[in-house]
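Below is one structure, written out as structure tokens; comments come after it.
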Amino acid sequence: MDALDLARWQFAITTVYHFLFVPITIGLSALVAVFHTAWVRKRNPEMLRLAKFYGKLFTINFALGLVTGIVQEFQFGMNWSDYSRFVGDIFGAPLAIEALLAFFLESTFLGLWIFGWGRIPEKLHAGCMWAVHIGTLLSAYFILAANSFMQNPVGYRYNPQSGRAELTDFAAVLTNKVQLVTFPHVVFAAYMVGGAMVMGVGLWHLRRVNKATEPAARADLGMYRKATRLGAVVTLVAGLAVAVTGDVQGKIMTEVQPMKMAAAEALYESSDSNAPFSLFTVGSLDGSQEKFSVTVPGLLSFLATGSFDGKVQGINNLKAEYAQKYADNPLTQSTTYVPNIPLSYWSFRLMMGVGFAAMAAAAAVLWATRRDQVPTARWWTWLAVATPLLPVFGNSFGWIFTEIGRQPWIVFGLMATHTGVSPSVSAGEVITSMVVYTLLYGALAVVEVKLFLHYMRAGAPPHEEPVVPSEKDEDAELAFAY
């Protein structure tokens with residue numbers, strides 16, 4: 001492997017790893033805010049216990065997501081300096097705002113929430129977690145604005161003297177058509193993750209408490225049932241929203257990146273109408289030949305254009321078009337204009353498959369817990385463990401498809417990926433940093449999982465009414481809420 005391949009591998013490893021924590025942060029912050037607000041309004045001790053319980057799990061996840069996110073921006077200067085120089089004027093603006101505005105909003109108000117129990121007014125304290133959630137949404141918006149420019153560059157002009165793309169319309173970057181459909185899709189997917197996390201953990205405790213014989217232990221049955229059912233409702237509703245926004249996103253994707261939609265179906269020849277969508281295909285290793293498939297007639301045309309009679313361009317036609325259009329420019333020259341077809345094809349289906357599986361699990365949980373019932377079969381424990389992971393993996397498969405399907409472009413139509421790598425970085429330097437990061441991330445994953453499982457198994461803390469701020473010693477040292 002050369003420096004380019006290794007740099008791509010390193011970015012893929014660190015990005016996928018980081019994004020395991022992002023949807024949990026967005027989704028769980030919203031549900032912790034809901035629990036906390038419910039306690040402030042209704043004074044139900046169960047809501048306070050759930051807010052502290054899931055807030056602790058959120059904090060553990062937030063810490064690791066923060067650390068891994070910082071590494072992402074380092075790589076632009078380390079391994080992708082030519083890319084950074086080319087799009088720095090455009091790409092740097094939303095990233096800077098994300099760091100200076102959204103990140104500090106999240107971290108500041110999370111600190112107030114953690115250490116503010118009994119020290120600030122209750123409504124203001126609950127509002128701190130809502131501020132954290134708003135910060136996560138703003139962070140997602142600005143990051144996605146930068147990524148959407150890579151998918152559909154707008155609001156810029158190319159300066160031939162400097163050889164760089166220069167920002168001309170920041171509003172256009174923030175309102176990119178790709179951004180406007182990607183943001184709600186990603187946010188609803190994050191809510192799906194948060195709901196599945198609350199549902200899975202709640203279901204595990206619901207079954208544990210149901211097996212207890214002591215009346216004191218069984219007293220928590222109602223609390224965990226509420227958490228389980230709320231999580232299931234959020235997972236199901238958010239899943240439906242993901243499907244709707246994903247449908248809209250697919251049509252915009254076909255408009256601005258037709259090759260990506262063709263790669264998602266491994267459609268080599270254009271179809272004038274009624275293009276089928278394959279649920280499952282067995283083919284050659286490179287994806288160029290189909291041996292067996294199960295298809296739905298007309299579905300690809302509908303997904304791509306909104307009409308069963310819509311035309312969908314094929315890989316071969318687009319490849320010839322791109323070769324003629326981009327081959328003369330050193331920045332856009334490429335040995336191939338076709339992404340990895342098998343990876344694009346299967347990541348697209350795995351994204352949808354695990355998402356629908358999570359929705360089915362949520363519907364099953366709602367049915368099994370109706371009328372104060374508790375599912376007792378042993379396989380429900382495995383469902384409780386698996387369900388939070390399904391939408392997390394769905395998010396990862398979605399981003400793998402998004403980035404793989406854009407190849408060979410680092411900025412679609414403007415810059416091929418191979419032209420963006422740092423020219424002075426050797427393969428040895430990249431592989432050294434990649435090994436170090438991978439080992440470090442592996443160690444951090446062990447710590448994260450152990451901490452998460454430890455506090456998850458401990459369950460919701462006993463109820464302790466927070467001290468009213470006016471009754472608290474103002475000179476006392478701050479103490480961690482847990």
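The chains in the structure tokens are called A, B, ... from first to last as shown; in each chain the residues are counted from 1, and the ligands are counted from 1 in the order shown.
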
Open item on the list: Please return, as an NGL selection string, all residues of segment 191-309 of chain A that DSSP assigns to helix (DSSP H, G or I) on the basis of the backbone.
Closed with: :A and (191-211 or 215-218 or 221-256 or 258-265 or 299-305)

Open item on the list: as a PyMOL selection string, please: the residues near segment 427-431 of chain A (cut-off 9 Å, only C-alpha atoms, same-chain neighbours under 3 positions excluded).
Closed with: chain A and resi 1-7+10+78-79+434-436

With only C-alpha atoms counted and 8 Å as the cut-off, give the residues of segment 399-464 of chain A in contact with segment 340-360 of chain A, each with its shortest interatomic distance in Å and the pair that gives it, as JSON lines.
{"residue": "A:Ile400", "atom": "CA", "partner": "A:Ser347", "partner_atom": "CA", "distance": 6.7}
{"residue": "A:Phe401", "atom": "CA", "partner": "A:Ser344", "partner_atom": "CA", "distance": 5.3}
{"residue": "A:Ile404", "atom": "CA", "partner": "A:Ser344", "partner_atom": "CA", "distance": 6.3}
{"residue": "A:Gly405", "atom": "CA", "partner": "A:Ser344", "partner_atom": "CA", "distance": 5.8}
{"residue": "A:Gln407", "atom": "CA", "partner": "A:Asn340", "partner_atom": "CA", "distance": 7.9}

TODO: Using only C-alpha atoms, determine which residues lie at most 10 Å from Gly420 of chain A, disregarding the query and same-chain residues fewer than 3 positions distant; provide the list as an MDAnalysis selection string.
DONE: chainID A and resid 4 76 79:87 331 409:411 415:417 423

Mind dumping the selected residues with N, CA, C and O atoms as a CSV table (one decimal), in the first residue's frame?
chain,number,residue,atom,x,y,z
A,4,LEU,N,-1.3,7.0,-0.1
A,4,LEU,CA,-2.8,7.3,-0.3
A,4,LEU,C,-3.7,6.3,0.3
A,4,LEU,O,-4.7,6.6,1.0
A,76,PHE,N,-6.8,16.3,8.6
A,76,PHE,CA,-6.9,17.1,7.4
A,76,PHE,C,-5.5,17.8,7.1
A,76,PHE,O,-5.1,18.0,6.0
A,79,ASN,N,-2.6,14.2,6.9
A,79,ASN,CA,-2.6,13.3,5.7
A,79,ASN,C,-3.2,13.9,4.5
A,79,ASN,O,-3.0,13.4,3.4
A,80,TRP,N,-4.0,15.0,4.6
A,80,TRP,CA,-4.7,15.6,3.5
A,80,TRP,C,-4.5,17.1,3.3
A,80,TRP,O,-5.4,17.8,3.2
A,81,SER,N,-3.2,17.4,3.3
A,81,SER,CA,-2.8,18.9,3.3
A,81,SER,C,-3.2,19.5,2.0
A,81,SER,O,-3.6,20.7,1.9
A,82,ASP,N,-3.1,18.8,0.8
A,82,ASP,CA,-3.4,19.4,-0.5
A,82,ASP,C,-4.9,19.6,-0.5
A,82,ASP,O,-5.4,20.6,-1.1
A,83,TYR,N,-5.7,18.7,0.0
A,83,TYR,CA,-7.2,18.9,0.1
A,83,TYR,C,-7.5,20.1,1.0
A,83,TYR,O,-8.3,20.9,0.6
A,84,SER,N,-6.8,20.2,2.2
A,84,SER,CA,-7.1,21.3,3.1
A,84,SER,C,-6.7,22.7,2.4
A,84,SER,O,-7.4,23.7,2.6
A,85,ARG,N,-5.6,22.7,1.7
A,85,ARG,CA,-5.2,23.9,1.0
A,85,ARG,C,-6.3,24.3,-0.1
A,85,ARG,O,-6.6,25.5,-0.3
A,86,PHE,N,-6.8,23.3,-0.8
A,86,PHE,CA,-7.7,23.5,-1.9
A,86,PHE,C,-9.1,24.1,-1.4
A,86,PHE,O,-9.6,25.0,-2.0
A,87,VAL,N,-9.6,23.5,-0.3
A,87,VAL,CA,-11.0,23.8,0.1
A,87,VAL,C,-11.0,24.5,1.5
A,87,VAL,O,-12.0,24.6,2.1
A,331,LEU,N,-6.6,18.0,-11.6
A,331,LEU,CA,-7.3,17.8,-10.3
A,331,LEU,C,-8.4,16.8,-10.4
A,331,LEU,O,-8.7,16.2,-9.4
A,409,TRP,N,-14.0,10.8,-5.9
A,409,TRP,CA,-13.9,12.2,-5.6
A,409,TRP,C,-13.8,12.4,-4.1
A,409,TRP,O,-14.4,11.8,-3.3
A,410,ILE,N,-12.9,13.4,-3.8
A,410,ILE,CA,-12.9,13.9,-2.4
A,410,ILE,C,-13.8,15.1,-2.4
A,410,ILE,O,-14.4,15.4,-1.3
A,411,VAL,N,-13.9,15.9,-3.5
A,411,VAL,CA,-15.0,16.9,-3.7
A,411,VAL,C,-15.6,16.6,-5.0
A,411,VAL,O,-14.9,16.7,-6.0
A,415,MET,N,-12.3,17.7,-7.3
A,415,MET,CA,-11.0,17.2,-6.9
A,415,MET,C,-11.1,15.7,-6.6
A,415,MET,O,-11.9,15.2,-5.8
A,416,ALA,N,-10.2,15.0,-7.3
A,416,ALA,CA,-10.1,13.5,-7.1
A,416,ALA,C,-9.4,13.2,-5.8
A,416,ALA,O,-8.5,14.0,-5.4
A,417,THR,N,-9.8,12.1,-5.2
A,417,THR,CA,-9.2,11.8,-3.9
A,417,THR,C,-7.7,11.7,-3.9
A,417,THR,O,-7.1,12.2,-3.0
A,423,PRO,N,1.6,15.5,0.0
A,423,PRO,CA,2.7,15.0,-0.8
A,423,PRO,C,4.0,14.7,0.0
A,423,PRO,O,4.8,13.9,-0.5

Open item on the list: Give me the residues near segment 232-248 of chain A as a VMD selection string, where near means some atom within 10 Å (using only C-alpha atoms) and where sequence neighbours in that chain fewer than 5 positions away do not count.
Closed with: chain A and resid 27 31 181 to 200 202 to 203 226 to 227 253 302 to 306 352 355 to 356 358 to 366 387 to 388 391

Open item on the list: Can you measure atom CA of Ser396 of chain A to atom CA of Phe11 of chain A for me? One decimal in Å is fine.
Closed with: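 Straight-line distance from atom CA of Ser396 of chain A to atom CA of Phe11 of chain A works out to 13.8 Å.
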
- [ ] Point out the residue among A:Phe397, A:Tyr268, A:Trp367, A:Phe452 with the least atom-to-atom distance to Thr15 of chain A, counting only C-alpha atoms.
- [x]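 Among the listed residues, the smallest separation from Thr15 of chain A belongs to A:Phe397.
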
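Restricting the calculation to only C-alpha atoms, the smallest distance between Leu138 of chain A and any of A:Leu414, A:Leu112, A:Phe104, A:Phe280 is found for A:Phe104.
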
Task: Distance criterion (only C-alpha atoms): nearest to Met47 of chain A out of A:Gly222, A:Gly250, A:Gly398, A:Gly135 - done: A:Gly222
